[in-house]
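J.: Got a file for you: upload.tsv, TSV, C-alpha atoms.
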chain	number	residue	atom	x	y	z
A	718	MET	CA	-31.40	60.30	62.89
A	719	ASP	CA	-33.38	63.19	64.27
A	720	THR	CA	-36.43	61.06	65.02
A	721	THR	CA	-35.49	61.37	68.67
A	722	SER	CA	-36.09	65.12	68.65
A	723	SER	CA	-39.06	66.78	70.31
A	724	PRO	CA	-42.19	64.63	70.58
A	725	PRO	CA	-45.24	65.85	68.68
A	726	ALA	CA	-46.46	69.01	70.37
A	727	VAL	CA	-50.07	69.81	71.20
A	728	PRO	CA	-52.30	67.67	68.98
A	729	ARG	CA	-54.09	69.67	66.33
A	730	PRO	CA	-57.79	69.24	65.63
A	731	HIS	CA	-57.19	68.52	61.97
A	732	GLY	CA	-53.76	66.94	62.27
A	733	ARG	CA	-52.16	69.61	60.12
A	734	LEU	CA	-51.82	73.36	59.96
A	735	GLY	CA	-54.52	75.45	58.40
A	736	ARG	CA	-53.64	77.01	55.09
A	737	ASP	CA	-53.84	80.49	56.57
A	738	VAL	CA	-51.26	79.55	59.20
A	739	GLN	CA	-48.93	78.13	56.56
A	740	ALA	CA	-49.38	81.28	54.49
A	741	LYS	CA	-48.63	83.55	57.44
A	742	ILE	CA	-45.43	81.66	58.27
A	743	GLY	CA	-44.44	81.58	54.59
A	744	ASN	CA	-44.98	85.31	54.18
A	745	GLN	CA	-42.86	86.25	57.18
A	746	LEU	CA	-40.11	83.85	56.18
A	747	ARG	CA	-39.99	85.21	52.64
A	748	ALA	CA	-40.10	88.81	53.86
A	749	ILE	CA	-36.97	88.28	55.95
A	750	TYR	CA	-35.24	86.35	53.18
A	751	ASP	CA	-36.16	88.77	50.39
A	752	ASP	CA	-34.88	91.71	52.42
A	753	ILE	CA	-31.42	90.19	52.12
A	754	VAL	CA	-31.86	89.13	48.50
A	755	LYS	CA	-32.74	92.73	47.63
A	756	GLU	CA	-29.31	93.84	48.84
A	757	GLY	CA	-28.02	92.27	45.63
A	758	VAL	CA	-24.41	91.25	45.12
A	759	PRO	CA	-22.02	92.92	47.58
A	760	ASP	CA	-18.96	94.47	45.90
A	761	ARG	CA	-16.58	91.98	47.46
A	762	PHE	CA	-18.16	89.09	45.53
A	763	ALA	CA	-18.43	90.93	42.23
A	764	GLU	CA	-14.76	91.91	42.59
A	765	LEU	CA	-13.73	88.41	43.56
A	766	LEU	CA	-15.33	86.95	40.44
A	767	GLN	CA	-13.91	89.71	38.26
A	768	ARG	CA	-10.42	89.02	39.60
A	769	LEU	CA	-10.75	85.31	38.91
A	770	GLU	CA	-12.05	86.00	35.41
A	771	ASP	CA	-9.18	88.38	34.63
A	772	LYS	CA	-6.70	85.85	35.88
A	773	GLY	CA	-8.28	83.20	33.67
A	774	GLU	CA	-8.13	85.40	30.56
A	775	LYS	CA	-4.51	86.29	31.08
A	776	GLY	CA	-3.69	82.63	31.65
A	777	SER	CA	-5.37	81.41	28.49
A	778	ARG	CA	-3.92	84.13	26.26
A	779	SER	CA	-0.29	83.78	27.21
B	1453	MET	CA	-8.32	78.90	36.62
B	1454	SER	CA	-10.33	80.23	33.71
B	1455	LEU	CA	-13.83	81.50	34.23
B	1456	ASP	CA	-16.32	81.51	31.42
B	1457	PRO	CA	-18.40	84.74	31.45
B	1458	SER	CA	-21.66	82.79	31.23
B	1459	VAL	CA	-20.65	80.71	34.23
B	1460	ARG	CA	-19.63	83.87	36.07
B	1461	ASP	CA	-23.06	85.38	35.34
B	1462	ALA	CA	-24.84	82.25	36.56
B	1463	VAL	CA	-22.81	82.37	39.77
B	1464	LEU	CA	-23.42	86.09	40.27
B	1465	THR	CA	-27.15	85.64	39.76
B	1466	ALA	CA	-27.22	83.06	42.52
B	1467	VAL	CA	-25.22	85.14	45.02
B	1468	PRO	CA	-28.05	87.21	46.59
B	1469	SER	CA	-30.12	84.12	47.40
B	1470	LEU	CA	-27.05	82.15	48.46
B	1471	ARG	CA	-26.23	84.96	50.85
B	1472	ALA	CA	-29.75	85.06	52.27
B	1473	PHE	CA	-29.50	81.30	52.87
B	1474	ALA	CA	-26.09	81.71	54.54
B	1475	ILE	CA	-27.36	84.46	56.82
B	1476	SER	CA	-30.33	82.38	57.86
B	1477	LEU	CA	-28.03	79.45	58.61
B	1478	CYS	CA	-25.44	81.45	60.56
B	1479	GLY	CA	-27.58	84.21	62.01
B	1480	ASN	CA	-24.59	86.51	61.51
B	1481	VAL	CA	-23.94	88.60	58.41
B	1482	ASP	CA	-20.14	88.72	58.61
B	1483	ARG	CA	-19.79	85.02	59.15
B	1484	ALA	CA	-22.32	84.37	56.40
B	1485	ASP	CA	-20.39	86.53	53.93
B	1486	ASP	CA	-17.18	84.66	54.76
B	1487	LEU	CA	-19.07	81.44	54.15
B	1488	VAL	CA	-20.31	82.72	50.78
B	1489	GLN	CA	-16.79	83.75	49.81
B	1490	GLU	CA	-15.44	80.35	50.76
B	1491	THR	CA	-18.26	78.74	48.77
B	1492	LEU	CA	-17.48	80.78	45.65
B	1493	LEU	CA	-13.77	79.95	45.83
B	1494	ARG	CA	-14.53	76.28	46.36
B	1495	ALA	CA	-17.06	76.27	43.53
B	1496	LEU	CA	-14.74	77.98	41.04
B	1497	ALA	CA	-11.84	75.72	41.96
B	1498	ASN	CA	-14.11	72.79	41.13
B	1499	ILE	CA	-15.99	74.36	38.25
B	1500	ASP	CA	-15.05	71.42	36.00
B	1501	SER	CA	-17.29	69.18	38.08
B	1502	PHE	CA	-20.26	71.45	37.35
B	1503	GLU	CA	-22.31	70.07	34.48
B	1504	PRO	CA	-23.09	72.93	32.08
B	1505	GLY	CA	-26.81	73.55	31.89
B	1506	SER	CA	-27.55	71.91	35.24
B	1507	ASN	CA	-28.87	73.70	38.30
B	1508	MET	CA	-26.25	76.28	39.32
B	1509	PRO	CA	-28.09	77.60	42.41
B	1510	ALA	CA	-28.62	74.06	43.75
B	1511	TRP	CA	-24.95	73.25	43.15
B	1512	LEU	CA	-23.78	76.36	45.03
B	1513	PHE	CA	-26.26	75.82	47.88
B	1514	THR	CA	-24.97	72.26	48.28
B	1515	ILE	CA	-21.39	73.45	48.58
B	1516	LEU	CA	-22.33	76.18	51.04
B	1517	ARG	CA	-24.39	73.83	53.16
B	1518	ASN	CA	-21.58	71.27	53.32
B	1519	LEU	CA	-19.06	73.94	54.30
B	1520	PHE	CA	-21.42	75.25	56.95
B	1521	ARG	CA	-22.06	71.76	58.29
B	1522	SER	CA	-18.38	70.92	58.67
B	1523	GLU	CA	-17.72	74.26	60.33
B	1524	TYR	CA	-20.78	73.81	62.52
B	1525	ARG	CA	-19.61	70.40	63.67
B	1526	LYS	CA	-16.18	71.81	64.45
B	1527	ARG	CA	-17.69	74.66	66.44
B	1528	ARG	CA	-20.04	72.35	68.23
B	1529	ARG	CA	-17.06	70.50	69.63
B	1530	GLU	CA	-15.66	73.80	70.86
B	1531	VAL	CA	-18.91	75.32	72.05
B	1532	GLU	CA	-21.41	72.75	73.24
B	1533	ASP	CA	-24.39	75.08	73.15
B	1534	ALA	CA	-24.55	75.67	69.41
B	1535	GLU	CA	-28.24	76.57	69.19
B	1536	GLY	CA	-27.98	78.93	72.14
B	1537	THR	CA	-25.04	80.66	70.48
B	1538	TYR	CA	-27.07	81.05	67.34
B	1539	ALA	CA	-29.96	82.66	69.21
B	1540	GLN	CA	-27.53	84.94	71.03
B	1541	THR	CA	-25.92	86.05	67.77
B	1542	LEU	CA	-29.33	86.90	66.40
B	1543	LYS	CA	-30.23	88.99	69.41
B	1544	SER	CA	-27.06	91.00	69.17
B	1545	GLN	CA	-27.84	91.87	65.56
B	1546	PRO	CA	-31.14	93.73	65.53
B	1547	GLU	CA	-29.84	95.92	62.71
B	1548	GLN	CA	-29.74	92.91	60.41
B	1549	SER	CA	-32.99	94.05	58.90
B	1550	GLY	CA	-35.04	97.18	59.16
B	1551	HIS	CA	-38.12	95.14	60.01
B	1552	VAL	CA	-38.35	95.18	63.78
B	1553	GLU	CA	-41.72	93.44	63.58
B	1554	PHE	CA	-40.01	90.30	62.34
B	1555	GLN	CA	-37.76	90.03	65.38
B	1556	GLU	CA	-40.17	87.67	67.09
B	1557	PHE	CA	-40.29	85.46	64.01
B	1558	ARG	CA	-36.52	85.50	63.73
B	1559	GLU	CA	-36.12	84.40	67.34
B	1560	ALA	CA	-38.63	81.59	66.82
B	1561	LEU	CA	-36.74	80.50	63.71
B	1562	ALA	CA	-33.54	80.40	65.77
B	1563	LYS	CA	-35.15	77.94	68.18
B	1564	LEU	CA	-35.73	75.33	65.47
B	1565	PRO	CA	-33.33	72.40	65.09
B	1566	ALA	CA	-30.82	73.21	62.32
B	1567	ASP	CA	-32.19	70.41	60.07
B	1568	GLN	CA	-35.70	71.79	60.20
B	1569	ARG	CA	-34.64	75.39	59.78
B	1570	GLU	CA	-32.62	74.74	56.64
B	1571	ALA	CA	-35.36	72.57	55.10
B	1572	LEU	CA	-37.98	75.23	55.72
B	1573	ILE	CA	-35.79	77.98	54.26
B	1574	LEU	CA	-34.82	76.03	51.15
B	1575	VAL	CA	-38.43	75.15	50.35
B	1576	GLY	CA	-40.28	78.09	51.83
B	1577	ALA	CA	-37.96	80.98	50.95
B	1578	SER	CA	-35.26	79.97	48.45
B	1579	GLY	CA	-37.92	78.47	46.20
B	1580	PHE	CA	-36.40	75.02	45.71
B	1581	SER	CA	-38.64	72.03	45.10
B	1582	TYR	CA	-38.72	69.27	47.72
B	1583	GLU	CA	-36.60	67.17	45.35
B	1584	GLU	CA	-33.96	69.88	44.95
B	1585	ALA	CA	-33.90	70.51	48.70
B	1586	ALA	CA	-33.42	66.78	49.28
B	1587	ASP	CA	-30.45	66.78	46.87
B	1588	ILE	CA	-28.93	69.82	48.58
B	1589	CYS	CA	-29.27	68.24	52.03
B	1590	GLY	CA	-28.33	64.74	50.87
B	1591	CYS	CA	-31.46	63.11	52.25
B	1592	ALA	CA	-34.75	61.60	51.07
B	1593	VAL	CA	-37.60	63.75	49.79
B	1594	GLY	CA	-39.86	62.39	52.55
B	1595	THR	CA	-37.35	63.54	55.15
B	1596	ILE	CA	-37.42	67.09	53.78
B	1597	LYS	CA	-41.22	67.07	53.77
B	1598	SER	CA	-41.42	65.94	57.36
B	1599	ARG	CA	-38.78	68.48	58.46
B	1600	VAL	CA	-40.68	71.29	56.75
B	1601	ASN	CA	-43.94	70.20	58.36
B	1602	ARG	CA	-42.38	69.97	61.80
B	1603	ALA	CA	-40.70	73.35	61.34
B	1604	ARG	CA	-44.02	74.98	60.44
B	1605	ALA	CA	-45.85	73.33	63.31
B	1606	ARG	CA	-43.18	74.40	65.78
B	1607	LEU	CA	-43.18	77.98	64.49
B	1608	ALA	CA	-46.97	78.13	64.72
B	1609	ASP	CA	-46.71	77.02	68.35
B	1610	LEU	CA	-43.87	79.37	69.24
B	1611	LEU	CA	-45.59	82.33	67.61
B	1612	SER	CA	-49.06	81.31	68.83
B	1613	ILE	CA	-50.41	81.50	65.31
B	1614	GLU	CA	-53.80	79.86	65.24
B	1615	SER	CA	-55.92	79.14	62.29
B	1616	THR	CA	-58.84	81.46	61.80
B	1617	GLU	CA	-60.28	79.03	59.27
B	1618	ASP	CA	-60.52	76.13	61.66
B	1619	PHE	CA	-61.48	77.73	64.95
B	1620	GLY	CA	-64.03	80.39	64.11
B	1621	PRO	CA	-64.33	84.08	64.98
B	1622	ASP	CA	-63.64	83.86	68.73
B	1623	VAL	CA	-60.13	82.61	68.23
B	1624	ALA	CA	-59.61	85.02	65.36
B	1625	THR	CA	-60.41	87.92	67.67
B	1626	ARG	CA	-58.18	86.57	70.37
B	1627	ALA	CA	-55.29	86.15	67.92
B	1628	ILE	CA	-55.63	89.76	66.84
B	1629	LEU	CA	-55.75	90.95	70.45
B	1630	THR	CA	-52.73	88.94	71.58
B	1631	GLY	CA	-50.92	90.03	68.44
B	1632	THR	CA	-51.28	93.71	69.32
B	1633	THR	CA	-50.81	93.47	73.09
B	1634	SER	CA	-47.65	91.38	72.92
B	1635	ARG	CA	-45.61	94.42	71.89
In C-alpha coordinates, what does this structure look like?

T.:
Amino acid sequence: MDTTSSPPAVPRPHGRLGRDVQAKIGNQLRAIYDDIVKEGVPDRFAELLQRLEDKGEKGSRS
Amino acid sequence: MSLDPSVRDAVLTAVPSLRAFAISLCGNVDRADDLVQETLLRALANIDSFEPGSNMPAWLFTILRNLFRSEYRKRRREVEDAEGTYAQTLKSQPEQSGHVEFQEFREALAKLPADQREALILVGASGFSYEEAADICGCAVGTIKSRVNRARARLADLLSIESTEDFGPDVATRAILTGTTSR
(Lines of atoms letter the chains of each structure in order from A and count residues from 1; the text may use other names and numbers.)
(Lines give C-alpha, C1' and ligand atoms only; values in the text may rest on other atoms or scores of the structure.)
Protein backbone atom coordinates (compact mmCIF):
# COMPACT_ATOMS: atom_id res chain seq x y z
CA MET A 1 0.00 0.00 0.00
CA ASP A 2 2.71 2.44 0.92
CA THR A 3 5.14 1.10 -1.68
CA THR A 4 4.47 4.25 -3.64
CA SER A 5 6.02 6.43 -0.93
CA SER A 6 9.38 8.12 -1.27
CA PRO A 7 11.86 6.39 -3.59
CA PRO A 8 15.04 5.08 -1.98
CA ALA A 9 17.10 8.07 -0.92
CA VAL A 10 20.83 8.48 -1.48
CA PRO A 11 22.33 5.03 -2.03
CA ARG A 12 24.47 3.88 0.86
CA PRO A 13 27.89 2.35 0.35
CA HIS A 14 26.97 -0.77 2.29
CA GLY A 15 23.27 -0.83 1.50
CA ARG A 16 22.33 -0.51 5.15
CA LEU A 17 22.96 1.74 8.11
CA GLY A 18 26.04 1.30 10.21
CA ARG A 19 25.46 -0.10 13.66
CA ASP A 20 26.62 3.13 15.26
CA VAL A 21 23.99 5.08 13.30
CA GLN A 22 21.26 2.66 14.35
CA ALA A 23 22.43 2.92 17.96
CA LYS A 24 22.42 6.71 17.87
CA ILE A 25 18.87 6.82 16.48
CA GLY A 26 17.74 4.17 18.96
CA ASN A 27 19.21 6.03 21.91
CA GLN A 28 17.54 9.32 21.04
CA LEU A 29 14.22 7.64 20.37
CA ARG A 30 14.30 5.79 23.69
CA ALA A 31 15.40 8.91 25.56
CA ILE A 32 12.33 10.80 24.36
CA TYR A 33 10.04 7.85 25.01
CA ASP A 34 11.43 7.03 28.45
CA ASP A 35 11.05 10.64 29.55
CA ILE A 36 7.30 10.16 29.20
CA VAL A 37 7.30 6.65 30.67
CA LYS A 38 9.05 8.03 33.76
CA GLU A 39 6.08 10.32 34.39
CA GLY A 40 4.29 7.16 35.52
CA VAL A 41 0.52 6.86 35.71
CA PRO A 42 -1.25 10.24 35.77
CA ASP A 43 -3.87 10.52 38.54
CA ARG A 44 -6.75 10.66 36.08
CA PHE A 45 -6.05 7.09 34.90
CA ALA A 46 -5.45 5.65 38.36
CA GLU A 47 -8.73 7.26 39.49
CA LEU A 48 -10.59 6.05 36.43
CA LEU A 49 -9.55 2.45 37.08
CA GLN A 50 -10.30 2.77 40.79
CA ARG A 51 -13.80 4.06 40.00
CA LEU A 52 -14.46 1.18 37.63
CA GLU A 53 -13.18 -1.32 40.17
CA ASP A 54 -15.36 0.12 42.95
CA LYS A 55 -18.36 0.01 40.68
CA GLY A 56 -17.62 -3.62 39.87
CA GLU A 57 -17.32 -4.61 43.53
CA LYS A 58 -20.57 -2.94 44.48
CA GLY A 59 -22.28 -4.60 41.53
CA SER A 60 -21.11 -8.09 42.37
CA ARG A 61 -21.90 -7.84 46.08
CA SER A 62 -25.45 -6.61 45.84
CA MET B 1 -18.57 -4.02 34.76
CA SER B 2 -16.41 -5.82 37.28
CA LEU B 3 -12.68 -5.34 37.28
CA ASP B 4 -10.39 -7.98 38.68
CA PRO B 5 -7.55 -6.38 40.71
CA SER B 6 -4.92 -8.40 38.84
CA VAL B 7 -6.30 -7.18 35.53
CA ARG B 8 -6.39 -3.63 36.87
CA ASP B 9 -2.72 -3.94 37.87
CA ALA B 10 -1.76 -5.29 34.45
CA VAL B 11 -3.55 -2.36 32.82
CA LEU B 12 -1.98 0.19 35.16
CA THR B 13 1.48 -1.22 34.52
CA ALA B 14 1.00 -0.72 30.80
CA VAL B 15 -0.28 2.86 31.08
CA PRO B 16 3.05 4.77 31.12
CA SER B 17 4.28 3.08 27.95
CA LEU B 18 0.85 3.29 26.33
CA ARG B 19 0.89 7.01 27.02
CA ALA B 20 4.37 7.45 25.56
CA PHE B 21 3.18 5.65 22.43
CA ALA B 22 0.06 7.85 22.24
CA ILE B 23 2.10 11.03 22.60
CA SER B 24 4.47 9.95 19.87
CA LEU B 25 1.53 9.18 17.60
CA CYS B 26 -0.37 12.41 18.27
CA GLY B 27 2.47 14.80 19.03
CA ASN B 28 0.16 16.42 21.58
CA VAL B 29 -0.05 15.47 25.25
CA ASP B 30 -3.68 16.45 25.86
CA ARG B 31 -4.96 14.66 22.81
CA ALA B 32 -2.80 11.66 23.67
CA ASP B 33 -4.21 11.48 27.20
CA ASP B 34 -7.75 11.60 25.83
CA LEU B 35 -6.80 8.78 23.50
CA VAL B 36 -5.41 6.75 26.41
CA GLN B 37 -8.58 7.35 28.41
CA GLU B 38 -10.73 6.25 25.49
CA THR B 39 -8.50 3.18 25.09
CA LEU B 40 -8.86 2.20 28.76
CA LEU B 41 -12.65 2.57 28.66
CA ARG B 42 -12.84 0.57 25.46
CA ALA B 43 -10.53 -2.10 26.84
CA LEU B 44 -12.42 -2.49 30.11
CA ALA B 45 -15.77 -2.60 28.34
CA ASN B 46 -14.37 -5.49 26.30
CA ILE B 47 -12.28 -7.09 29.01
CA ASP B 48 -14.04 -10.43 28.42
CA SER B 49 -12.37 -10.66 25.03
CA PHE B 50 -8.95 -10.42 26.68
CA GLU B 51 -7.44 -13.86 27.15
CA PRO B 52 -6.06 -14.09 30.70
CA GLY B 53 -2.32 -14.59 30.64
CA SER B 54 -1.88 -13.20 27.14
CA ASN B 55 -0.01 -10.03 26.27
CA MET B 56 -1.83 -7.13 27.98
CA PRO B 57 0.42 -4.33 26.65
CA ALA B 58 0.07 -5.59 23.07
CA TRP B 59 -3.71 -5.81 23.48
CA LEU B 60 -3.96 -2.24 24.78
CA PHE B 61 -1.58 -0.89 22.12
CA THR B 62 -3.73 -2.52 19.43
CA ILE B 63 -6.87 -0.84 20.74
CA LEU B 64 -5.14 2.53 21.02
CA ARG B 65 -3.67 2.29 17.56
CA ASN B 66 -7.04 1.40 16.03
CA LEU B 67 -8.74 4.29 17.82
CA PHE B 68 -6.01 6.64 16.68
CA ARG B 69 -6.24 5.39 13.10
CA SER B 70 -9.99 5.91 12.86
CA GLU B 71 -9.70 9.35 14.40
CA TYR B 72 -6.76 10.14 12.12
CA ARG B 73 -8.73 9.15 9.04
CA LYS B 74 -11.64 11.30 10.18
CA ARG B 75 -9.36 14.27 10.75
CA ARG B 76 -7.62 13.75 7.48
CA ARG B 77 -10.91 14.26 5.71
CA GLU B 78 -11.35 17.51 7.62
CA VAL B 79 -7.77 18.71 7.42
CA GLU B 80 -5.97 17.54 4.31
CA ASP B 81 -2.50 18.31 5.60
CA ALA B 82 -2.35 15.79 8.42
CA GLU B 83 1.43 15.44 8.60
CA GLY B 84 1.92 19.20 8.50
CA THR B 85 -0.54 19.58 11.36
CA TYR B 86 1.39 17.02 13.33
CA ALA B 87 4.67 18.86 12.82
CA GLN B 88 2.99 22.13 13.76
CA THR B 89 1.59 20.65 16.96
CA LEU B 90 5.04 19.46 17.90
CA LYS B 91 6.58 22.86 17.36
CA SER B 92 4.03 24.53 19.56
CA GLN B 93 4.86 22.16 22.40
CA PRO B 94 8.52 22.62 23.24
CA GLU B 95 7.72 22.08 26.91
CA GLN B 96 6.74 18.49 26.16
CA SER B 97 10.11 17.39 27.44
CA GLY B 98 12.91 19.10 29.25
CA HIS B 99 15.39 17.89 26.65
CA VAL B 100 15.78 20.74 24.21
CA GLU B 101 18.57 18.86 22.47
CA PHE B 102 16.05 16.32 21.22
CA GLN B 103 13.95 18.92 19.44
CA GLU B 104 15.73 18.30 16.17
CA PHE B 105 15.14 14.57 16.49
CA ARG B 106 11.50 15.12 17.35
CA GLU B 107 10.99 17.28 14.26
CA ALA B 108 12.65 14.65 12.08
CA LEU B 109 10.41 11.99 13.60
CA ALA B 110 7.39 14.13 12.74
CA LYS B 111 8.41 14.14 9.08
CA LEU B 112 8.18 10.35 8.78
CA PRO B 113 5.09 8.74 7.26
CA ALA B 114 2.76 7.62 10.08
CA ASP B 115 3.26 3.92 9.21
CA GLN B 116 7.01 4.16 9.55
CA ARG B 117 6.90 6.26 12.69
CA GLU B 118 4.65 3.87 14.57
CA ALA B 119 6.66 0.81 13.48
CA LEU B 120 9.91 2.40 14.61
CA ILE B 121 8.45 3.42 17.98
CA LEU B 122 6.88 0.04 18.69
CA VAL B 123 10.10 -1.83 17.94
CA GLY B 124 12.71 0.74 18.86
CA ALA B 125 11.18 2.30 21.98
CA SER B 126 8.21 0.31 23.30
CA GLY B 127 10.29 -2.86 23.18
CA PHE B 128 7.91 -5.05 21.18
CA SER B 129 9.27 -7.80 18.96
CA TYR B 130 8.74 -7.51 15.20
CA GLU B 131 6.06 -10.19 15.53
CA GLU B 132 4.19 -8.30 18.26
CA ALA B 133 4.45 -5.04 16.33
CA ALA B 134 3.05 -6.80 13.26
CA ASP B 135 0.08 -8.05 15.32
CA ILE B 136 -0.53 -4.57 16.73
CA CYS B 137 -0.46 -2.98 13.28
CA GLY B 138 -2.32 -5.83 11.58
CA CYS B 139 0.33 -6.40 8.94
CA ALA B 140 3.06 -8.88 8.02
CA VAL B 141 6.31 -9.11 9.95
CA GLY B 142 8.26 -8.29 6.77
CA THR B 143 6.25 -5.09 6.38
CA ILE B 144 7.18 -3.97 9.89
CA LYS B 145 10.84 -4.74 9.24
CA SER B 146 10.89 -2.74 6.05
CA ARG B 147 9.05 0.18 7.68
CA VAL B 148 11.54 0.23 10.55
CA ASN B 149 14.47 0.14 8.14
CA ARG B 150 13.05 2.93 6.02
CA ALA B 151 12.28 4.99 9.12
CA ARG B 152 15.87 4.65 10.34
CA ALA B 153 17.34 5.47 6.95
CA ARG B 154 15.14 8.54 6.62
CA LEU B 155 16.01 9.75 10.12
CA ALA B 156 19.71 9.26 9.42
CA ASP B 157 19.34 11.41 6.30
CA LEU B 158 17.24 14.09 7.96
CA LEU B 159 19.60 14.33 10.93
CA SER B 160 22.73 13.94 8.78
CA ILE B 161 23.94 11.11 10.96
CA GLU B 162 26.78 9.37 9.20
CA SER B 163 28.52 6.25 10.21
CA THR B 164 31.91 6.73 11.75
CA GLU B 165 32.56 3.02 11.32
CA ASP B 166 32.15 3.01 7.58
CA PHE B 167 33.62 6.32 6.49
CA GLY B 168 36.74 6.80 8.57
CA PRO B 169 38.03 9.67 10.71
CA ASP B 170 37.46 12.54 8.24
CA VAL B 171 33.73 12.09 8.24
CA ALA B 172 33.72 11.49 11.97
CA THR B 173 35.35 14.87 12.51
CA ARG B 174 32.97 16.54 10.14
CA ALA B 175 29.96 14.99 11.90
CA ILE B 176 31.18 16.32 15.23
CA LEU B 177 31.76 19.78 13.77
CA THR B 178 28.37 20.01 12.06
CA GLY B 179 26.78 18.64 15.21
CA THR B 180 28.11 21.50 17.32
CA THR B 181 27.75 24.33 14.80
CA SER B 182 24.16 23.53 13.89
CA ARG B 183 22.93 25.03 17.17

J.: Using all atoms listed in the file, I'd like every residue of chain A that has an atom within 6 Å of chain B; please write them out as JSON, numbers by chain.

T.: {"A": [735, 738, 747, 750, 753, 754, 757, 758, 770, 773]}

J.: If you keep C-alpha atoms, can you produce a file of those selected residues as a CSV table (one decimal), in the frame of the given file?

T.:
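And here is the file that came out, part-v9.csv:
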chain,number,residue,atom,x,y,z
A,735,GLY,CA,-54.5,75.4,58.4
A,738,VAL,CA,-51.3,79.6,59.2
A,747,ARG,CA,-40.0,85.2,52.6
A,750,TYR,CA,-35.2,86.4,53.2
A,753,ILE,CA,-31.4,90.2,52.1
A,754,VAL,CA,-31.9,89.1,48.5
A,757,GLY,CA,-28.0,92.3,45.6
A,758,VAL,CA,-24.4,91.2,45.1
A,770,GLU,CA,-12.0,86.0,35.4
A,773,GLY,CA,-8.3,83.2,33.7

J.: Centre and edge lengths, as lines of an AutoDock Vina configuration file, for the axis-aligned box enclosing every listed atom of region 743-746 of chain A with 8 Å of padding on each of the six sides, in Å to one decimal?

T.:
center_x = -42.5
center_y = 83.9
center_z = 55.7
size_x = 20.9
size_y = 20.7
size_z = 19.0

J.: Could you work out how far CA of Lys1526 (chain B) lies from CA of Glu1570 (chain B), giving the answer in Å with one decimal?

T.: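 Atom-to-atom, CA of Glu1570 (chain B) and CA of Lys1526 (chain B) are spaced 18.4 Å apart.
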
J.: To one decimal place, how far is CA of Asp760 (chain A) from CA of Ala1462 (chain B) in Å?

T.: 16.5 Å

J.: Calculated over only C-alpha atoms, which of the candidates B:Lys1563, B:Phe1502, B:Leu1516, B:Arg1521 has the smallest distance to Asp1486 (chain B)?

T.: B:Leu1516

J.: What is the distance, in Å and to one decimal place, between CA of Glu1584 (chain B) and CA of Asn1507 (chain B)?

T.: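 These atoms are spaced 9.2 Å apart.
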
J.: Between B:Ala1497, B:Asp1482, B:Ala1566, B:Leu1477, which one has atoms that come closest to Leu766 (chain A), using only C-alpha atoms?

T.: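 Closest to Leu766 (chain A), using only C-alpha atoms: B:Ala1497.
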
J.: Which one is closest to Ile1596 (chain B): B:Tyr1524, B:Leu1610, B:Gly1479, B:Ser1581? Count all atoms listed in the file.

T.: B:Ser1581
